[in-house]
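Quick notes on the structure that follows.
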Amino acid sequence: MNKDFQKKIALLLLSLLVVIALYFLRIDVLNQRGAFWLGYNSDPSYGYLMNSLNMAFYNGGLGYQSLHPGMPMYMLGAIVIIVQYLIRYITVGFNYTLVEGMQMDVLNNPELYITGINATFSILNILLLLVVVWLVFKYTKNLLFALLILFLPFYSEIFVQDVIGNLSAEPALFTVNFLFLAYVLLSGFKKWDQKKVTLALNQKKLTISYNALFMGILCGVGLSAKFPFLVFWLIPIILIYNIRENIKFLVVAVGTFILSISPIIFRFFFTLKFWVEISNRSAGYGHNFGLGFAIKAILLSNPAIFISLIIFTGLLFFILKNNNFKLKQLLHNYSFRITLALYLSYVIQIVIVSRHYMGSRYFLSLICLLPFLLISQLAFQNKSLSENRYKPFLNGLIYLIPFLFLVNGYYNWSKMRAELSSNQASGLKIHEFLAENKDKYIQVFNYRVSNQLYALRFGDEYARQLNQEKLKEIYGDFFHYNN
């Protein structure tokens with residue numbers, strides 16, 4: 001057997017092991033988390049369910065959770081609801097009309113549909129991971145590069161907890177992040193920066209580079225998923241390195257973004273207001289705990305982030321020093337521009353999260369970025385420092401980073417698993433108490449109480465309350481207090 005074939009066999013076996021591991025990890029985290037209506041789980045899962053239902057049933061009547069805006073999640077969620085309902089309509093049969101039955105079935109069986117959306121995104125993202133792994137191996141013939149991407153789900157607990165183990169903005173954000181970063185990396189190996197396409201627009205021809213077109217589309221969709229994707233808009237601007245093509249990129253990106261948020265275009269003011277509040281730390285998602293608190297929290301939860309930042313910064317400085325700090329000359333090298341763009345995005349992600357650290361999920365974009373930055377750094381070092389005596393040591397520093405993230409990821413996953421189990425136990429106690437005393441008192445429910453009807457009403461509040469009458473028809477009167 002030749003070496004390439006041996007590498008393919010090794011990668012195939014490791015890919016299968018990763019898929020099997022992720023399958024069991026997803027089952028485990030869902031078991032530890034418990035029902036999606038239970039306590040902490042209802043926010044944001046039921047908000048995304050009800051907005052997806054609105055998009056499917058009311059033809060785009062989205063509510064306040066358009067703040068993120070979260071559009072890719074709502075769109076695919078709506079598609080899953082429609083497909084899942086049609087299958088049930090054919091196999092189970094209902095006494096409702098085809099259209100009315102969808103709303104009734106989702107409101108009567110919310111957990112079934114949340115699980116369906118979650119499973120769809122989990123399968124999609126795992127398949128996407130495998131496709132990119134094999135594309136990287138195909139175009140680089142480098143097994144190590146492929147493995148750096150393959151092990152991404154284990155660099156942090158975020159992938160298991162928030163990408164395949166929950167219904168939130170993160171699954172869709174991961175999808176777009178990963179697609180975009182895969183394109184950026186492969187554009188260097190496939191020389192896509194040198195390719196152009198001609199488009200026919202109103203009998204006029206427009207020539208646009210691959211990077212301006214495809215990165216523009218992905219950036220537009222990415223920003224419609226969640227505000228933090230805006231950081232990645234810096235990457236095409238650095239890579240394209242041409243004013244006219246950068247203008248084309250911005251036109252495509254903004255146009256795609258507007259098209260993506262078209263169902264909520266008349267409510268975009270609320271989205272914009274929310275983004276401004278996030279930026280100045282006046283929103284609920286952007287509390288000003290102070291820089292010192294944030295850095296301490298990040299160091300305690302994931303010290304590998306700061307260690308990697310020190311290593312990447314040191315390596316960049318060494319490369320500049322090795323080239324006599326001739327930055328303009330280096331910028332003509334596309335491989336260096338990829339490394340620089342990814343590094344700057346990595347730094348900005350850390351700075352932004354440090355301003356208002358609220359939990360590990362805020363580092364999803366950074367974790368997605370990590371393996372692509374590692375590969376671009378290794379590829380550039382191996383090419384530009386081929387005869388440098390320090391190259392083995394510098395490469396060793398790069399290899400240290402994923403190891404630190406894997407160790408830290410396992411520790412955080414163990415802690416996260418225990419917290420989910422504890423939350424489920426306390427949530428079940430509250431649910432049992434409420435069920436036992438439902439006839440003794442008038443029950444007024446509060447935020448994240450363990451009750452499925454509350455979860456539905458909570459989700460509906462973040463979806464313009466378009467299902468309020470139907471919920472009352474199905475479940476009767478309900479009282480809750482929002483403090």
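By order of appearance in the structure tokens: chains A, B, ..., then residues from 1 within every chain, and ligands from 1 in the order shown.
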
Name all residues at most 10 Å from Asn31 (chain A) (count only C-alpha atoms; drop same-chain ones fewer than 2 positions away) and give them as a PyMOL selection string.
chain A and resi 25-29+33-35+165+417+420-421+424

Using only C-alpha atoms, determine which residues lie at most 12 Å from Lys429 (chain A), disregarding the query and same-chain residues fewer than 3 positions distant; provide the list as an mmCIF file with all heavy atoms, in the first residue's frame.
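Written file, part00.cif:
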data_model
loop_
_atom_site.group_PDB
_atom_site.id
_atom_site.type_symbol
_atom_site.label_atom_id
_atom_site.label_comp_id
_atom_site.auth_asym_id
_atom_site.auth_seq_id
_atom_site.Cartn_x
_atom_site.Cartn_y
_atom_site.Cartn_z
ATOM 1 N N LEU A 38 -37.780 22.192 30.420
ATOM 2 C CA LEU A 38 -37.390 22.058 31.814
ATOM 3 C C LEU A 38 -36.447 23.188 32.240
ATOM 4 O O LEU A 38 -35.305 23.277 31.775
ATOM 5 C CB LEU A 38 -36.706 20.703 32.021
ATOM 6 C CG LEU A 38 -36.547 20.188 33.454
ATOM 7 C CD1 LEU A 38 -37.910 19.938 34.079
ATOM 8 C CD2 LEU A 38 -35.731 18.901 33.458
ATOM 9 N N GLY A 39 -36.924 24.062 33.117
ATOM 10 C CA GLY A 39 -36.075 25.087 33.708
ATOM 11 C C GLY A 39 -35.327 25.934 32.697
ATOM 12 O O GLY A 39 -35.911 26.589 31.838
ATOM 13 N N SER A 422 -27.444 18.596 37.303
ATOM 14 C CA SER A 422 -27.948 19.274 38.506
ATOM 15 C C SER A 422 -29.151 20.148 38.176
ATOM 16 O O SER A 422 -30.145 20.157 38.923
ATOM 17 C CB SER A 422 -26.826 20.115 39.118
ATOM 18 O OG SER A 422 -27.305 20.861 40.217
ATOM 19 N N ASN A 423 -29.074 20.875 37.061
ATOM 20 C CA ASN A 423 -30.205 21.714 36.646
ATOM 21 C C ASN A 423 -31.444 20.886 36.351
ATOM 22 O O ASN A 423 -32.567 21.290 36.678
ATOM 23 C CB ASN A 423 -29.826 22.518 35.396
ATOM 24 C CG ASN A 423 -28.808 23.605 35.686
ATOM 25 O OD1 ASN A 423 -28.643 24.026 36.826
ATOM 26 N ND2 ASN A 423 -28.112 24.051 34.653
ATOM 27 N N GLN A 424 -31.237 19.705 35.755
ATOM 28 C CA GLN A 424 -32.378 18.849 35.457
ATOM 29 C C GLN A 424 -33.035 18.352 36.744
ATOM 30 O O GLN A 424 -34.270 18.347 36.858
ATOM 31 C CB GLN A 424 -31.947 17.640 34.606
ATOM 32 C CG GLN A 424 -33.114 16.720 34.293
ATOM 33 C CD GLN A 424 -32.727 15.504 33.475
ATOM 34 O OE1 GLN A 424 -33.581 14.722 33.063
ATOM 35 N NE2 GLN A 424 -31.443 15.317 33.224
ATOM 36 N N ALA A 425 -32.223 17.966 37.717
ATOM 37 C CA ALA A 425 -32.759 17.455 38.978
ATOM 38 C C ALA A 425 -33.582 18.523 39.699
ATOM 39 O O ALA A 425 -34.694 18.250 40.183
ATOM 40 C CB ALA A 425 -31.613 16.969 39.863
ATOM 41 N N SER A 426 -33.040 19.750 39.779
ATOM 42 C CA SER A 426 -33.780 20.818 40.464
ATOM 43 C C SER A 426 -35.031 21.205 39.679
ATOM 44 O O SER A 426 -36.081 21.491 40.265
ATOM 45 C CB SER A 426 -32.873 22.043 40.650
ATOM 46 O OG SER A 426 -32.417 22.539 39.401
ATOM 47 N N GLU A 432 -42.535 18.653 39.666
ATOM 48 C CA GLU A 432 -43.333 17.710 40.454
ATOM 49 C C GLU A 432 -44.152 18.432 41.514
ATOM 50 O O GLU A 432 -45.320 18.103 41.759
ATOM 51 C CB GLU A 432 -42.407 16.669 41.091
ATOM 52 C CG GLU A 432 -41.802 15.697 40.077
ATOM 53 C CD GLU A 432 -40.690 14.850 40.666
ATOM 54 O OE1 GLU A 432 -40.417 15.014 41.888
ATOM 55 O OE2 GLU A 432 -40.089 14.048 39.932
ATOM 56 N N PHE A 433 -43.541 19.426 42.156
ATOM 57 C CA PHE A 433 -44.256 20.194 43.177
ATOM 58 C C PHE A 433 -45.445 20.934 42.555
ATOM 59 O O PHE A 433 -46.548 20.951 43.121
ATOM 60 C CB PHE A 433 -43.302 21.197 43.835
ATOM 61 C CG PHE A 433 -43.974 22.110 44.816
ATOM 62 C CD1 PHE A 433 -44.240 21.693 46.121
ATOM 63 C CD2 PHE A 433 -44.378 23.389 44.441
ATOM 64 C CE1 PHE A 433 -44.878 22.530 47.019
ATOM 65 C CE2 PHE A 433 -45.015 24.236 45.331
ATOM 66 C CZ PHE A 433 -45.270 23.804 46.634
ATOM 67 N N LEU A 434 -45.229 21.559 41.399
ATOM 68 C CA LEU A 434 -46.308 22.289 40.728
ATOM 69 C C LEU A 434 -47.432 21.346 40.312
ATOM 70 O O LEU A 434 -48.617 21.678 40.431
ATOM 71 C CB LEU A 434 -45.755 23.017 39.500
ATOM 72 C CG LEU A 434 -44.789 24.183 39.764
ATOM 73 C CD1 LEU A 434 -44.188 24.681 38.457
ATOM 74 C CD2 LEU A 434 -45.493 25.316 40.487
ATOM 75 N N ALA A 435 -47.064 20.150 39.823
ATOM 76 C CA ALA A 435 -48.071 19.185 39.380
ATOM 77 C C ALA A 435 -48.902 18.680 40.555
ATOM 78 O O ALA A 435 -50.124 18.503 40.443
ATOM 79 C CB ALA A 435 -47.387 18.017 38.674
ATOM 80 N N GLU A 436 -48.252 18.461 41.692
ATOM 81 C CA GLU A 436 -48.955 17.953 42.876
ATOM 82 C C GLU A 436 -49.905 18.990 43.477
ATOM 83 O O GLU A 436 -50.887 18.630 44.127
ATOM 84 C CB GLU A 436 -47.939 17.515 43.934
ATOM 85 C CG GLU A 436 -47.155 16.261 43.557
ATOM 86 C CD GLU A 436 -46.010 15.985 44.515
ATOM 87 O OE1 GLU A 436 -45.850 16.791 45.475
ATOM 88 O OE2 GLU A 436 -45.276 15.002 44.306
ATOM 89 N N VAL A 449 -39.426 28.706 34.588
ATOM 90 C CA VAL A 449 -40.012 27.725 35.492
ATOM 91 C C VAL A 449 -40.209 26.424 34.715
ATOM 92 O O VAL A 449 -40.334 26.425 33.484
ATOM 93 C CB VAL A 449 -41.352 28.236 36.065
ATOM 94 C CG1 VAL A 449 -42.438 28.216 34.999
ATOM 95 C CG2 VAL A 449 -41.770 27.443 37.291
ATOM 96 N N SER A 450 -40.211 25.297 35.404
ATOM 97 C CA SER A 450 -40.263 23.991 34.742
ATOM 98 C C SER A 450 -41.700 23.596 34.423
ATOM 99 O O SER A 450 -42.346 22.836 35.164
ATOM 100 C CB SER A 450 -39.605 22.927 35.631
ATOM 101 O OG SER A 450 -38.244 23.210 35.805
ATOM 102 N N ASN A 451 -42.191 24.114 33.303
ATOM 103 C CA ASN A 451 -43.556 23.852 32.886
ATOM 104 C C ASN A 451 -43.639 24.015 31.375
ATOM 105 O O ASN A 451 -43.225 25.039 30.840
ATOM 106 C CB ASN A 451 -44.515 24.822 33.597
ATOM 107 C CG ASN A 451 -45.956 24.620 33.192
ATOM 108 O OD1 ASN A 451 -46.385 25.122 32.162
ATOM 109 N ND2 ASN A 451 -46.704 23.887 33.999
#

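Using only C-alpha atoms, the shortest contact distance between Phe227 (chain A) and any of A:Ile247, A:Ile164, A:Met71, A:Val444 is found at A:Met71.
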
What are the closest atom pairs, with distances in Å to one decimal, for each residue of region 33-94 of chain A lying within 12 Å of region 100-116 of chain A, using only C-alpha atoms, rows by chain and rising residue number, as a tab-separated table?
residue	atom	partner	partner_atom	distance
A:Gly34	CA	A:Glu111	CA	10.8
A:Ala35	CA	A:Glu111	CA	7.4
A:Phe36	CA	A:Glu111	CA	6.7
A:Trp37	CA	A:Glu111	CA	7.9
A:Leu38	CA	A:Glu111	CA	10.8
A:Asn41	CA	A:Glu111	CA	11.4
A:Ser42	CA	A:Glu111	CA	10.5
A:Pro44	CA	A:Ile114	CA	11.1
A:Ser45	CA	A:Ile114	CA	7.3
A:Tyr46	CA	A:Ile114	CA	7.8
A:Gly47	CA	A:Ile114	CA	10.5
A:Tyr48	CA	A:Ile114	CA	8.7
A:Leu49	CA	A:Ile114	CA	6.4
A:Met50	CA	A:Leu107	CA	8.9
A:Asn51	CA	A:Ile114	CA	11.8
A:Ser52	CA	A:Ile114	CA	10.1
A:Leu53	CA	A:Gln103	CA	7.3
A:Asn54	CA	A:Gln103	CA	8.8
A:Met55	CA	A:Gln103	CA	11.2
A:Ala56	CA	A:Met102	CA	8.8
A:Phe57	CA	A:Gln103	CA	6.8
A:Tyr58	CA	A:Gln103	CA	9.6
A:Met73	CA	A:Ile114	CA	11.9
A:Tyr74	CA	A:Ile114	CA	11.9
A:Leu76	CA	A:Gly116	CA	11.1
A:Gly77	CA	A:Ile114	CA	8.7
A:Ala78	CA	A:Tyr113	CA	10.1
A:Ile79	CA	A:Gly116	CA	10.8
A:Val80	CA	A:Gly116	CA	7.1
A:Ile81	CA	A:Tyr113	CA	6.5
A:Ile82	CA	A:Met102	CA	7.6
A:Val83	CA	A:Gly116	CA	10.0
A:Gln84	CA	A:Gly116	CA	7.5
A:Tyr85	CA	A:Met102	CA	6.2
A:Leu86	CA	A:Met102	CA	8.4
A:Ile87	CA	A:Met102	CA	11.1
A:Arg88	CA	A:Asp105	CA	9.1
A:Tyr89	CA	A:Gly101	CA	8.2
A:Ile90	CA	A:Gly101	CA	11.8
A:Val92	CA	A:Asp105	CA	11.1
A:Gly93	CA	A:Gly101	CA	9.6
A:Phe94	CA	A:Gly101	CA	6.9

Nearby residues (only C-alpha atoms) at most 9 Å from region 127-144 of chain A, same-chain spacing under 2 positions excluded, as number ranges by chain
A: 4, 7-8, 10-11, 15, 19, 122-125, 146-150, 152, 175, 178-179, 182, 185-186, 189-190, 375

Using only C-alpha atoms, tabulate the residues of region 123-179 of chain A lying at most 12 Å from any atom of region 302-325 of chain A, each with its closest atom pair and that distance in Å to one decimal, by chain and increasing residue number, as CSV.
residue,atom,partner,partner_atom,distance
A:Tyr155,CA,A:Ala304,CA,9.7
A:Ser156,CA,A:Asn302,CA,8.6
A:Glu157,CA,A:Asn302,CA,10.4
A:Ile158,CA,A:Asn302,CA,11.5

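If you measure from each of A:Tyr96, A:Tyr411, A:Phe159, A:Phe145 to Gln377 (chain A) using only C-alpha atoms, the closest one turns out to be A:Phe145.
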
Based on the backbone DSSP call, show me all residues of region 266-453 of chain A assigned alpha helix (DSSP H), as an MDAnalysis selection string.
chainID A and resid 268:279 291:301 303:322 327:331 334:355 364:384 391:436 452:453

Work out how far CA of Met215 (chain A) is from CA of Tyr346 (chain A), in Å to one decimal.
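Pair CA of Tyr346 (chain A) / CA of Met215 (chain A) returns 18.0 Å.
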
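Among the candidate residues A:Leu471, A:Leu206, A:Leu330, A:Ile264, the one lying nearest to Tyr454 (chain A) is A:Leu471, with distances computed using only C-alpha atoms.
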
Can you work out the spacing between CA of Asp460 (chain A) and CA of Lys472 (chain A) in Å, to one decimal?
11.8 Å

Excluding Leu331 (chain A) and residues on its chain fewer than 3 positions from it, collect all residues at most 10 Å away from it, counting only C-alpha atoms, and give them as a ChimeraX atom specification.
/A:238-239,241,326-328,334-338,340

Write out, as a short mmCIF file (atom, residue, chain, number, x, y, z; two decimals), in the first residue's frame, the residues just selected, with C-alpha atoms.
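And here's again-v4.cif as it stands now:
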data_model
loop_
_atom_site.label_atom_id
_atom_site.label_comp_id
_atom_site.auth_asym_id
_atom_site.auth_seq_id
_atom_site.Cartn_x
_atom_site.Cartn_y
_atom_site.Cartn_z
CA ILE A 238 -7.71 41.80 3.70
CA LEU A 239 -7.70 38.86 1.28
CA TYR A 241 -6.63 43.53 -1.36
CA LYS A 326 8.67 44.37 5.27
CA LEU A 327 4.91 44.14 5.76
CA LYS A 328 4.02 45.60 2.35
CA TYR A 334 -1.85 35.49 -0.44
CA SER A 335 -0.92 32.78 2.08
CA PHE A 336 0.39 35.41 4.48
CA ARG A 337 -2.77 37.49 4.02
CA ILE A 338 -4.88 34.46 5.00
CA LEU A 340 -2.88 37.64 9.03
#
